[in-house]
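What follows is a short report on a single structure.
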Amino acid sequence: MEETIGLLDKIRHHDKLSIALNENCAIPLPDDVMQILLKPHRLSFYYFQYIESGAATFIADLQQFEVGDGELAFGLPNQIITKLPYDKNQRQYALSFDEDTLRLLPGTYQFLVNPFNVNSISFDPATQQRVKNLLSGLFQLLHAPGRQRKVEVILAHLHTVLTEFNTAYFEQYKVPEVVPGAKLSKYIAFKLAVEENLTEQHDVQSIAEQLALTSNTLYGIVKEFGGVSPKEWITNRLMLEAQRKLQYSTLSVKELAYELGFNDPGYFSRLFKKSTGKSVSRYLADLKDLSHD
């Protein structure tokens with residue numbers, strides 16, 4: 001399966017910003033890019049697709065979901081994502097940018113940590129219109145002559161777009177604005193702490209201390225928002241990473257175990273089967289069968 005390292009450059013690369021935005025496929029995509037988009041592919045950047053009208057089905061990290069009129073699907077770096085099928089005639093906006101562009105923005109967008117593990121956002125009618133207008137304006141900026149003289153304006157538009165996405169993400173779960181010290185904020189901090197050193201063997205007590213929490217308090221927060229204990233959450237995250245890597249690499253079980261921080265490949269194999277219901281070899285065989293369908 002194809003990796004998308006460099007795909008953003010193939011779509012559209014600006015001298016100062018690695019950002020791409022297409023409006024109703026007005027910018028023709030190269031054939032090699034379309035071949036990648038038609039298959040499951042690993043994202044190396046942030047990806048957003050706003051469906052202006054119609055419906056679309058996506059798969060993100062093996063989870064299938066649908067979006068319809070005025071809804072957004074999004075994918076995060078390293079996620080495996082597929083659109084079924086990729087319809088070039090659908091009215092849509094496809095936005096992509098990389099980590100370097102994100103660092104230039106003035107805000108923090110908590111939804112990019114994806115605390116609820118969903119890859120879609122719904123908007124009320126007023127917000128739908130604002131989002132469409134913002135994306136249309138950003139598209140014009142990116143594709144107008146002399147656009148590089150307006151980098152600050154592009155970033156301002158992108159910041160506003162992401163602020164709309166961030167607000168709607170939490171509103172759809174009736175969760176108030178995230179504030180420092182709030183339980184959700186601590187859960188997000190827990191996820192970030194795990195992600196920053198994913199392949200280390202995490203000590204839950206150390207993470208709790210890092211977040212100025214007791215182990216019991218951290219347990220309650222992760223259980224409330226993640227549905228499992230902190231230790232189970234970390235294990236599940238590692239098994240998800242294992243499944244991602246199996247889709248785009250040819251590592252042996254031993255190599256994969258070591259790459260994910262496990263000293264005992266046998267223990268890793270047992271965890272993988274417990275998590276997925278399949279051995280690594282069975283999982284790979286099923287992937288191969290799917291790729292031939």
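Labeling convention for the structure tokens: chains A, B, ... as they appear, residues from 1 per chain, ligands from 1 in order of appearance.
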So that I can see what lies close to range 198-213 of chain A, please list as number ranges by chain the residues with an atom at most 8 Å from it, counting only C-alpha atoms and leaving out residues fewer than 5 positions away in the same chain. A: 186, 189-190, 193, 218, 230-231, 234, 238, 259-262
The selected residues should be written to file as an mmCIF file, in the first residue's frame (atoms: all heavy atoms).
data_model
loop_
_atom_site.group_PDB
_atom_site.id
_atom_site.type_symbol
_atom_site.label_atom_id
_atom_site.label_comp_id
_atom_site.auth_asym_id
_atom_site.auth_seq_id
_atom_site.Cartn_x
_atom_site.Cartn_y
_atom_site.Cartn_z
ATOM 1 N N LYS A 186 -6.862 17.462 30.792
ATOM 2 C CA LYS A 186 -5.904 16.507 31.336
ATOM 3 C C LYS A 186 -5.873 15.222 30.486
ATOM 4 O O LYS A 186 -4.807 14.612 30.297
ATOM 5 C CB LYS A 186 -6.249 16.164 32.784
ATOM 6 C CG LYS A 186 -6.035 17.319 33.763
ATOM 7 C CD LYS A 186 -4.561 17.682 33.896
ATOM 8 C CE LYS A 186 -4.342 18.722 34.986
ATOM 9 N NZ LYS A 186 -2.899 19.095 35.106
ATOM 10 N N ALA A 189 -3.829 16.015 27.560
ATOM 11 C CA ALA A 189 -2.421 16.039 27.958
ATOM 12 C C ALA A 189 -1.874 14.621 28.116
ATOM 13 O O ALA A 189 -0.712 14.351 27.776
ATOM 14 C CB ALA A 189 -2.265 16.828 29.253
ATOM 15 N N PHE A 190 -2.688 13.706 28.620
ATOM 16 C CA PHE A 190 -2.289 12.307 28.744
ATOM 17 C C PHE A 190 -2.002 11.719 27.356
ATOM 18 O O PHE A 190 -0.966 11.065 27.144
ATOM 19 C CB PHE A 190 -3.389 11.509 29.441
ATOM 20 C CG PHE A 190 -3.255 10.020 29.305
ATOM 21 C CD1 PHE A 190 -2.340 9.312 30.077
ATOM 22 C CD2 PHE A 190 -4.047 9.313 28.403
ATOM 23 C CE1 PHE A 190 -2.204 7.933 29.941
ATOM 24 C CE2 PHE A 190 -3.924 7.936 28.259
ATOM 25 C CZ PHE A 190 -2.994 7.253 29.037
ATOM 26 N N ALA A 193 1.229 13.069 26.037
ATOM 27 C CA ALA A 193 2.384 12.498 26.729
ATOM 28 C C ALA A 193 2.712 11.117 26.177
ATOM 29 O O ALA A 193 3.889 10.760 26.028
ATOM 30 C CB ALA A 193 2.103 12.419 28.230
ATOM 31 N N LEU A 218 -5.897 10.069 37.470
ATOM 32 C CA LEU A 218 -5.626 9.824 36.052
ATOM 33 C C LEU A 218 -6.447 8.637 35.559
ATOM 34 O O LEU A 218 -7.012 8.684 34.454
ATOM 35 C CB LEU A 218 -4.137 9.564 35.831
ATOM 36 C CG LEU A 218 -3.729 9.255 34.383
ATOM 37 C CD1 LEU A 218 -4.064 10.428 33.472
ATOM 38 C CD2 LEU A 218 -2.241 8.916 34.300
ATOM 39 N N PRO A 230 -5.626 3.659 31.966
ATOM 40 C CA PRO A 230 -4.463 4.229 31.272
ATOM 41 C C PRO A 230 -3.564 3.166 30.657
ATOM 42 O O PRO A 230 -3.081 3.323 29.528
ATOM 43 C CB PRO A 230 -3.742 5.011 32.376
ATOM 44 C CG PRO A 230 -4.827 5.397 33.322
ATOM 45 C CD PRO A 230 -5.768 4.229 33.318
ATOM 46 N N LYS A 231 -3.301 2.078 31.388
ATOM 47 C CA LYS A 231 -2.439 1.024 30.852
ATOM 48 C C LYS A 231 -3.053 0.390 29.616
ATOM 49 O O LYS A 231 -2.363 0.141 28.609
ATOM 50 C CB LYS A 231 -2.200 -0.040 31.928
ATOM 51 C CG LYS A 231 -1.234 -1.128 31.493
ATOM 52 C CD LYS A 231 -0.961 -2.111 32.621
ATOM 53 C CE LYS A 231 0.027 -3.194 32.167
ATOM 54 N NZ LYS A 231 0.316 -4.162 33.251
ATOM 55 N N ILE A 234 -2.773 2.783 26.592
ATOM 56 C CA ILE A 234 -1.436 2.781 26.002
ATOM 57 C C ILE A 234 -1.222 1.521 25.162
ATOM 58 O O ILE A 234 -0.705 1.585 24.036
ATOM 59 C CB ILE A 234 -0.369 2.900 27.105
ATOM 60 C CG1 ILE A 234 -0.451 4.281 27.772
ATOM 61 C CG2 ILE A 234 1.025 2.676 26.527
ATOM 62 C CD1 ILE A 234 0.355 4.393 29.056
ATOM 63 N N LEU A 238 -0.553 1.281 21.078
ATOM 64 C CA LEU A 238 0.571 0.576 20.472
ATOM 65 C C LEU A 238 0.100 -0.478 19.468
ATOM 66 O O LEU A 238 0.716 -0.656 18.405
ATOM 67 C CB LEU A 238 1.420 -0.081 21.562
ATOM 68 C CG LEU A 238 2.347 0.856 22.347
ATOM 69 C CD1 LEU A 238 2.877 0.165 23.589
ATOM 70 C CD2 LEU A 238 3.502 1.342 21.470
ATOM 71 N N GLU A 259 10.704 -2.293 17.217
ATOM 72 C CA GLU A 259 10.453 -0.917 16.781
ATOM 73 C C GLU A 259 9.417 -0.235 17.665
ATOM 74 O O GLU A 259 9.455 0.986 17.857
ATOM 75 C CB GLU A 259 10.003 -0.902 15.316
ATOM 76 C CG GLU A 259 9.939 0.495 14.712
ATOM 77 C CD GLU A 259 9.835 0.476 13.205
ATOM 78 O OE1 GLU A 259 10.671 -0.180 12.551
ATOM 79 O OE2 GLU A 259 8.918 1.136 12.682
ATOM 80 N N LEU A 260 8.487 -1.014 18.210
ATOM 81 C CA LEU A 260 7.448 -0.459 19.072
ATOM 82 C C LEU A 260 7.831 -0.483 20.554
ATOM 83 O O LEU A 260 7.010 -0.158 21.407
ATOM 84 C CB LEU A 260 6.139 -1.221 18.870
ATOM 85 C CG LEU A 260 5.477 -1.032 17.497
ATOM 86 C CD1 LEU A 260 4.252 -1.925 17.363
ATOM 87 C CD2 LEU A 260 5.098 0.424 17.266
ATOM 88 N N GLY A 261 9.067 -0.855 20.840
ATOM 89 C CA GLY A 261 9.553 -0.763 22.213
ATOM 90 C C GLY A 261 9.393 -2.010 23.049
ATOM 91 O O GLY A 261 9.594 -1.969 24.269
ATOM 92 N N PHE A 262 9.032 -3.146 22.419
ATOM 93 C CA PHE A 262 8.869 -4.397 23.158
ATOM 94 C C PHE A 262 10.181 -5.188 23.118
ATOM 95 O O PHE A 262 10.748 -5.396 22.039
ATOM 96 C CB PHE A 262 7.747 -5.241 22.549
ATOM 97 C CG PHE A 262 6.376 -4.677 22.748
ATOM 98 C CD1 PHE A 262 5.827 -3.786 21.831
ATOM 99 C CD2 PHE A 262 5.616 -5.019 23.867
ATOM 100 C CE1 PHE A 262 4.566 -3.261 22.013
ATOM 101 C CE2 PHE A 262 4.342 -4.493 24.057
ATOM 102 C CZ PHE A 262 3.824 -3.602 23.132
#
Give me, as number ranges by chain, the residues of range 57-209 of chain A that a backbone DSSP run labels helix (DSSP H, G or I). A: 99-103, 110-113, 125-143, 147-171, 183-196, 204-209
Would you return as a PDB file with N, CA, C and O atoms, in the first residue's frame the members of range 57-141 of chain A that DSSP assigns to strand (DSSP E or B) on this structure's backbone?
ATOM      1  N   THR A  57     -18.129   7.914   2.069  1.00  0.00           N
ATOM      2  CA  THR A  57     -17.726   6.935   3.073  1.00  0.00           C
ATOM      3  C   THR A  57     -16.214   6.929   3.178  1.00  0.00           C
ATOM      4  O   THR A  57     -15.508   6.919   2.164  1.00  0.00           O
ATOM      5  N   PHE A  58     -15.711   6.944   4.403  1.00  0.00           N
ATOM      6  CA  PHE A  58     -14.278   6.928   4.664  1.00  0.00           C
ATOM      7  C   PHE A  58     -13.949   5.769   5.593  1.00  0.00           C
ATOM      8  O   PHE A  58     -14.793   5.296   6.353  1.00  0.00           O
ATOM      9  N   ILE A  59     -12.701   5.351   5.546  1.00  0.00           N
ATOM     10  CA  ILE A  59     -12.155   4.421   6.533  1.00  0.00           C
ATOM     11  C   ILE A  59     -10.894   5.059   7.090  1.00  0.00           C
ATOM     12  O   ILE A  59      -9.981   5.403   6.332  1.00  0.00           O
ATOM     13  N   ALA A  60     -10.846   5.255   8.405  1.00  0.00           N
ATOM     14  CA  ALA A  60      -9.668   5.811   9.066  1.00  0.00           C
ATOM     15  C   ALA A  60      -9.234   4.825  10.142  1.00  0.00           C
ATOM     16  O   ALA A  60      -9.997   4.543  11.067  1.00  0.00           O
ATOM     17  N   GLN A  63     -11.648   2.017  10.889  1.00  0.00           N
ATOM     18  CA  GLN A  63     -12.994   2.386  11.328  1.00  0.00           C
ATOM     19  C   GLN A  63     -13.722   3.094  10.192  1.00  0.00           C
ATOM     20  O   GLN A  63     -13.269   4.138   9.711  1.00  0.00           O
ATOM     21  N   GLN A  64     -14.850   2.539   9.750  1.00  0.00           N
ATOM     22  CA  GLN A  64     -15.610   3.121   8.655  1.00  0.00           C
ATOM     23  C   GLN A  64     -16.630   4.122   9.185  1.00  0.00           C
ATOM     24  O   GLN A  64     -17.272   3.891  10.207  1.00  0.00           O
ATOM     25  N   PHE A  65     -16.767   5.251   8.487  1.00  0.00           N
ATOM     26  CA  PHE A  65     -17.761   6.252   8.867  1.00  0.00           C
ATOM     27  C   PHE A  65     -18.221   6.998   7.628  1.00  0.00           C
ATOM     28  O   PHE A  65     -17.564   6.960   6.578  1.00  0.00           O
ATOM     29  N   GLU A  66     -19.352   7.669   7.747  1.00  0.00           N
ATOM     30  CA  GLU A  66     -19.917   8.410   6.628  1.00  0.00           C
ATOM     31  C   GLU A  66     -20.083   9.877   6.982  1.00  0.00           C
ATOM     32  O   GLU A  66     -20.327  10.226   8.141  1.00  0.00           O
ATOM     33  N   VAL A  67     -19.937  10.724   5.978  1.00  0.00           N
ATOM     34  CA  VAL A  67     -20.223  12.157   6.137  1.00  0.00           C
ATOM     35  C   VAL A  67     -21.150  12.567   5.005  1.00  0.00           C
ATOM     36  O   VAL A  67     -21.123  11.987   3.911  1.00  0.00           O
ATOM     37  N   GLU A  71     -20.714  18.387   6.129  1.00  0.00           N
ATOM     38  CA  GLU A  71     -19.939  17.733   7.180  1.00  0.00           C
ATOM     39  C   GLU A  71     -18.486  17.581   6.744  1.00  0.00           C
ATOM     40  O   GLU A  71     -18.156  17.697   5.559  1.00  0.00           O
ATOM     41  N   LEU A  72     -17.637  17.321   7.720  1.00  0.00           N
ATOM     42  CA  LEU A  72     -16.203  17.267   7.480  1.00  0.00           C
ATOM     43  C   LEU A  72     -15.641  15.914   7.884  1.00  0.00           C
ATOM     44  O   LEU A  72     -15.970  15.386   8.948  1.00  0.00           O
ATOM     45  N   ALA A  73     -14.773  15.352   7.056  1.00  0.00           N
ATOM     46  CA  ALA A  73     -13.960  14.196   7.420  1.00  0.00           C
ATOM     47  C   ALA A  73     -12.526  14.679   7.547  1.00  0.00           C
ATOM     48  O   ALA A  73     -12.094  15.555   6.792  1.00  0.00           O
ATOM     49  N   PHE A  74     -11.785  14.120   8.515  1.00  0.00           N
ATOM     50  CA  PHE A  74     -10.401  14.547   8.639  1.00  0.00           C
ATOM     51  C   PHE A  74      -9.511  13.371   9.019  1.00  0.00           C
ATOM     52  O   PHE A  74      -9.950  12.381   9.597  1.00  0.00           O
ATOM     53  N   GLY A  75      -8.244  13.504   8.660  1.00  0.00           N
ATOM     54  CA  GLY A  75      -7.246  12.504   8.989  1.00  0.00           C
ATOM     55  C   GLY A  75      -6.009  13.183   9.537  1.00  0.00           C
ATOM     56  O   GLY A  75      -5.704  14.332   9.174  1.00  0.00           O
ATOM     57  N   ILE A  80      -4.049   5.726   8.605  1.00  0.00           N
ATOM     58  CA  ILE A  80      -4.337   5.086   7.317  1.00  0.00           C
ATOM     59  C   ILE A  80      -5.756   5.480   6.947  1.00  0.00           C
ATOM     60  O   ILE A  80      -6.694   5.227   7.698  1.00  0.00           O
ATOM     61  N   ILE A  81      -5.925   6.105   5.781  1.00  0.00           N
ATOM     62  CA  ILE A  81      -7.251   6.619   5.421  1.00  0.00           C
ATOM     63  C   ILE A  81      -7.596   6.235   3.991  1.00  0.00           C
ATOM     64  O   ILE A  81      -6.726   6.097   3.134  1.00  0.00           O
ATOM     65  N   THR A  82      -8.890   6.028   3.753  1.00  0.00           N
ATOM     66  CA  THR A  82      -9.405   5.683   2.432  1.00  0.00           C
ATOM     67  C   THR A  82     -10.759   6.358   2.257  1.00  0.00           C
ATOM     68  O   THR A  82     -11.537   6.453   3.199  1.00  0.00           O
ATOM     69  N   LYS A  83     -11.025   6.818   1.044  1.00  0.00           N
ATOM     70  CA  LYS A  83     -12.364   7.296   0.700  1.00  0.00           C
ATOM     71  C   LYS A  83     -12.949   6.328  -0.312  1.00  0.00           C
ATOM     72  O   LYS A  83     -12.298   5.964  -1.283  1.00  0.00           O
ATOM     73  N   LEU A  84     -14.184   5.900  -0.070  1.00  0.00           N
ATOM     74  CA  LEU A  84     -14.814   4.860  -0.897  1.00  0.00           C
ATOM     75  C   LEU A  84     -16.066   5.371  -1.595  1.00  0.00           C
ATOM     76  O   LEU A  84     -17.078   5.588  -0.926  1.00  0.00           O
ATOM     77  N   GLN A  92     -16.861  19.499  -3.088  1.00  0.00           N
ATOM     78  CA  GLN A  92     -16.078  19.278  -1.879  1.00  0.00           C
ATOM     79  C   GLN A  92     -14.865  20.208  -1.858  1.00  0.00           C
ATOM     80  O   GLN A  92     -14.449  20.746  -2.888  1.00  0.00           O
ATOM     81  N   TYR A  93     -14.326  20.376  -0.671  1.00  0.00           N
ATOM     82  CA  TYR A  93     -13.050  21.062  -0.488  1.00  0.00           C
ATOM     83  C   TYR A  93     -12.091  20.080   0.173  1.00  0.00           C
ATOM     84  O   TYR A  93     -12.455  19.436   1.165  1.00  0.00           O
ATOM     85  N   ALA A  94     -10.895  19.953  -0.364  1.00  0.00           N
ATOM     86  CA  ALA A  94      -9.884  19.071   0.213  1.00  0.00           C
ATOM     87  C   ALA A  94      -8.693  19.932   0.636  1.00  0.00           C
ATOM     88  O   ALA A  94      -8.032  20.549  -0.197  1.00  0.00           O
ATOM     89  N   LEU A  95      -8.444  19.975   1.942  1.00  0.00           N
ATOM     90  CA  LEU A  95      -7.402  20.823   2.523  1.00  0.00           C
ATOM     91  C   LEU A  95      -6.328  19.959   3.172  1.00  0.00           C
ATOM     92  O   LEU A  95      -6.648  19.003   3.891  1.00  0.00           O
ATOM     93  N   SER A  96      -5.061  20.285   2.919  1.00  0.00           N
ATOM     94  CA  SER A  96      -3.945  19.564   3.532  1.00  0.00           C
ATOM     95  C   SER A  96      -2.851  20.552   3.919  1.00  0.00           C
ATOM     96  O   SER A  96      -2.632  21.541   3.228  1.00  0.00           O
ATOM     97  N   PHE A  97      -2.173  20.259   5.026  1.00  0.00           N
ATOM     98  CA  PHE A  97      -0.994  21.030   5.393  1.00  0.00           C
ATOM     99  C   PHE A  97      -0.139  20.186   6.326  1.00  0.00           C
ATOM    100  O   PHE A  97      -0.596  19.180   6.878  1.00  0.00           O
ATOM    101  N   SER A 120     -14.822  12.747  12.064  1.00  0.00           N
ATOM    102  CA  SER A 120     -15.807  13.553  11.356  1.00  0.00           C
ATOM    103  C   SER A 120     -16.326  14.645  12.276  1.00  0.00           C
ATOM    104  O   SER A 120     -16.305  14.507  13.502  1.00  0.00           O
ATOM    105  N   ILE A 121     -16.766  15.738  11.655  1.00  0.00           N
ATOM    106  CA  ILE A 121     -17.301  16.869  12.407  1.00  0.00           C
ATOM    107  C   ILE A 121     -18.580  17.337  11.726  1.00  0.00           C
ATOM    108  O   ILE A 121     -18.633  17.461  10.492  1.00  0.00           O
ATOM    109  N   SER A 122     -19.617  17.594  12.513  1.00  0.00           N
ATOM    110  CA  SER A 122     -20.873  18.151  12.016  1.00  0.00           C
ATOM    111  C   SER A 122     -20.948  19.625  12.377  1.00  0.00           C
ATOM    112  O   SER A 122     -20.411  20.049  13.407  1.00  0.00           O
TER     113      SER A 122
END
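Closest approach to Tyr219 in chain A among A:Trp233, A:Tyr86, A:Tyr169, A:Phe139: A:Trp233, based on only C-alpha atoms.
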Quick one: everything within 8 Å of Glu99 in chain A, counting only C-alpha atoms, minus sequence neighbours fewer than 4 positions away in the same chain. Send it as a list of chain:residue names.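 My list of contacting residues is A:Phe45, A:Tyr46, A:Arg103.
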In Å, how far is it from CA of Lys150 in chain A to CA of Leu102 in chain A? 16.7 Å
With only C-alpha atoms as the basis for distance, which of A:Ile36, A:Ala20, A:Ala156, A:Val280 is at the shortest distance from Gln243 in chain A? A:Val280
Find the residue from A:Gln247, A:Ser269, A:Asn114, A:Asn119 that sits nearest to Lys288 in chain A; use only C-alpha atoms when measuring.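 Between A:Gln247, A:Ser269, A:Asn114, A:Asn119, the residue approaching Lys288 in chain A most closely is A:Gln247.
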Residues at most 7 Å from Leu43 in chain A, counting only C-alpha atoms, excluding those fewer than 4 positions away in the same chain, as an mmCIF file with all heavy atoms, in the first residue's frame?
data_model
loop_
_atom_site.group_PDB
_atom_site.id
_atom_site.type_symbol
_atom_site.label_atom_id
_atom_site.label_comp_id
_atom_site.auth_asym_id
_atom_site.auth_seq_id
_atom_site.Cartn_x
_atom_site.Cartn_y
_atom_site.Cartn_z
ATOM 1 N N THR A 4 2.126 8.253 1.696
ATOM 2 C CA THR A 4 1.881 9.563 1.110
ATOM 3 C C THR A 4 2.953 10.554 1.493
ATOM 4 O O THR A 4 2.731 11.753 1.470
ATOM 5 C CB THR A 4 0.502 10.115 1.521
ATOM 6 O OG1 THR A 4 0.445 10.150 2.934
ATOM 7 C CG2 THR A 4 -0.595 9.264 0.977
ATOM 8 N N LEU A 76 -5.301 12.486 10.402
ATOM 9 C CA LEU A 76 -4.134 13.035 11.081
ATOM 10 C C LEU A 76 -2.875 12.309 10.619
ATOM 11 O O LEU A 76 -2.950 11.187 10.108
ATOM 12 C CB LEU A 76 -4.310 12.896 12.597
ATOM 13 C CG LEU A 76 -5.604 13.490 13.158
ATOM 14 C CD1 LEU A 76 -5.729 13.192 14.643
ATOM 15 C CD2 LEU A 76 -5.671 14.995 12.898
ATOM 16 N N PRO A 77 -1.707 12.931 10.781
ATOM 17 C CA PRO A 77 -0.465 12.281 10.353
ATOM 18 C C PRO A 77 -0.334 10.864 10.909
ATOM 19 O O PRO A 77 -0.615 10.616 12.080
ATOM 20 C CB PRO A 77 0.622 13.214 10.919
ATOM 21 C CG PRO A 77 -0.031 14.563 10.934
ATOM 22 C CD PRO A 77 -1.463 14.291 11.318
ATOM 23 N N ASN A 78 0.061 9.956 10.029
ATOM 24 C CA ASN A 78 0.290 8.538 10.305
ATOM 25 C C ASN A 78 -0.985 7.699 10.300
ATOM 26 O O ASN A 78 -0.902 6.470 10.379
ATOM 27 C CB ASN A 78 1.047 8.311 11.620
ATOM 28 C CG ASN A 78 2.459 8.855 11.553
ATOM 29 O OD1 ASN A 78 3.150 8.661 10.560
ATOM 30 N ND2 ASN A 78 2.870 9.555 12.590
ATOM 31 N N GLN A 79 -2.144 8.319 10.200
ATOM 32 C CA GLN A 79 -3.359 7.527 10.069
ATOM 33 C C GLN A 79 -3.433 6.904 8.675
ATOM 34 O O GLN A 79 -2.953 7.477 7.695
ATOM 35 C CB GLN A 79 -4.614 8.373 10.304
ATOM 36 C CG GLN A 79 -4.923 8.641 11.761
ATOM 37 C CD GLN A 79 -6.336 9.154 11.958
ATOM 38 O OE1 GLN A 79 -6.737 10.161 11.374
ATOM 39 N NE2 GLN A 79 -7.101 8.461 12.784
ATOM 40 N N ILE A 80 -4.049 5.726 8.605
ATOM 41 C CA ILE A 80 -4.337 5.086 7.317
ATOM 42 C C ILE A 80 -5.756 5.480 6.947
ATOM 43 O O ILE A 80 -6.694 5.227 7.698
ATOM 44 C CB ILE A 80 -4.236 3.559 7.407
ATOM 45 C CG1 ILE A 80 -2.881 3.131 7.979
ATOM 46 C CG2 ILE A 80 -4.476 2.930 6.046
ATOM 47 C CD1 ILE A 80 -1.703 3.434 7.111
#
Min atom-atom distance to Ser185 in chain A from the set A:Leu246, A:Val222, A:Leu256, A:Val33, counting only C-alpha atoms, belongs to A:Val222
Closest of A:Asn89, A:Leu38, A:Ala168, A:Thr276 to Ala26 in chain A - atom-to-atom distances counting only C-alpha atoms: A:Asn89
For each of A:Pro265, A:Pro145, A:Pro115, A:Pro125, take the minimum atom-to-atom distance to Glu224 in chain A, counting only C-alpha atoms, then give the residue where this is smallest.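 The closest residue to Glu224 in chain A is A:Pro115.
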Expressed in Å, the length from CA of Ser53 in chain A to CA of Asp69 in chain A is 4.5 Å
Residue contacts of Val161 in chain A (8 Å, only C-alpha atoms) excluding same-chain residues fewer than 4 positions away, as a list of chain:residue names: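 The residues that qualify are A:Val131, A:Leu134, A:Leu135, A:His157, A:Phe165.
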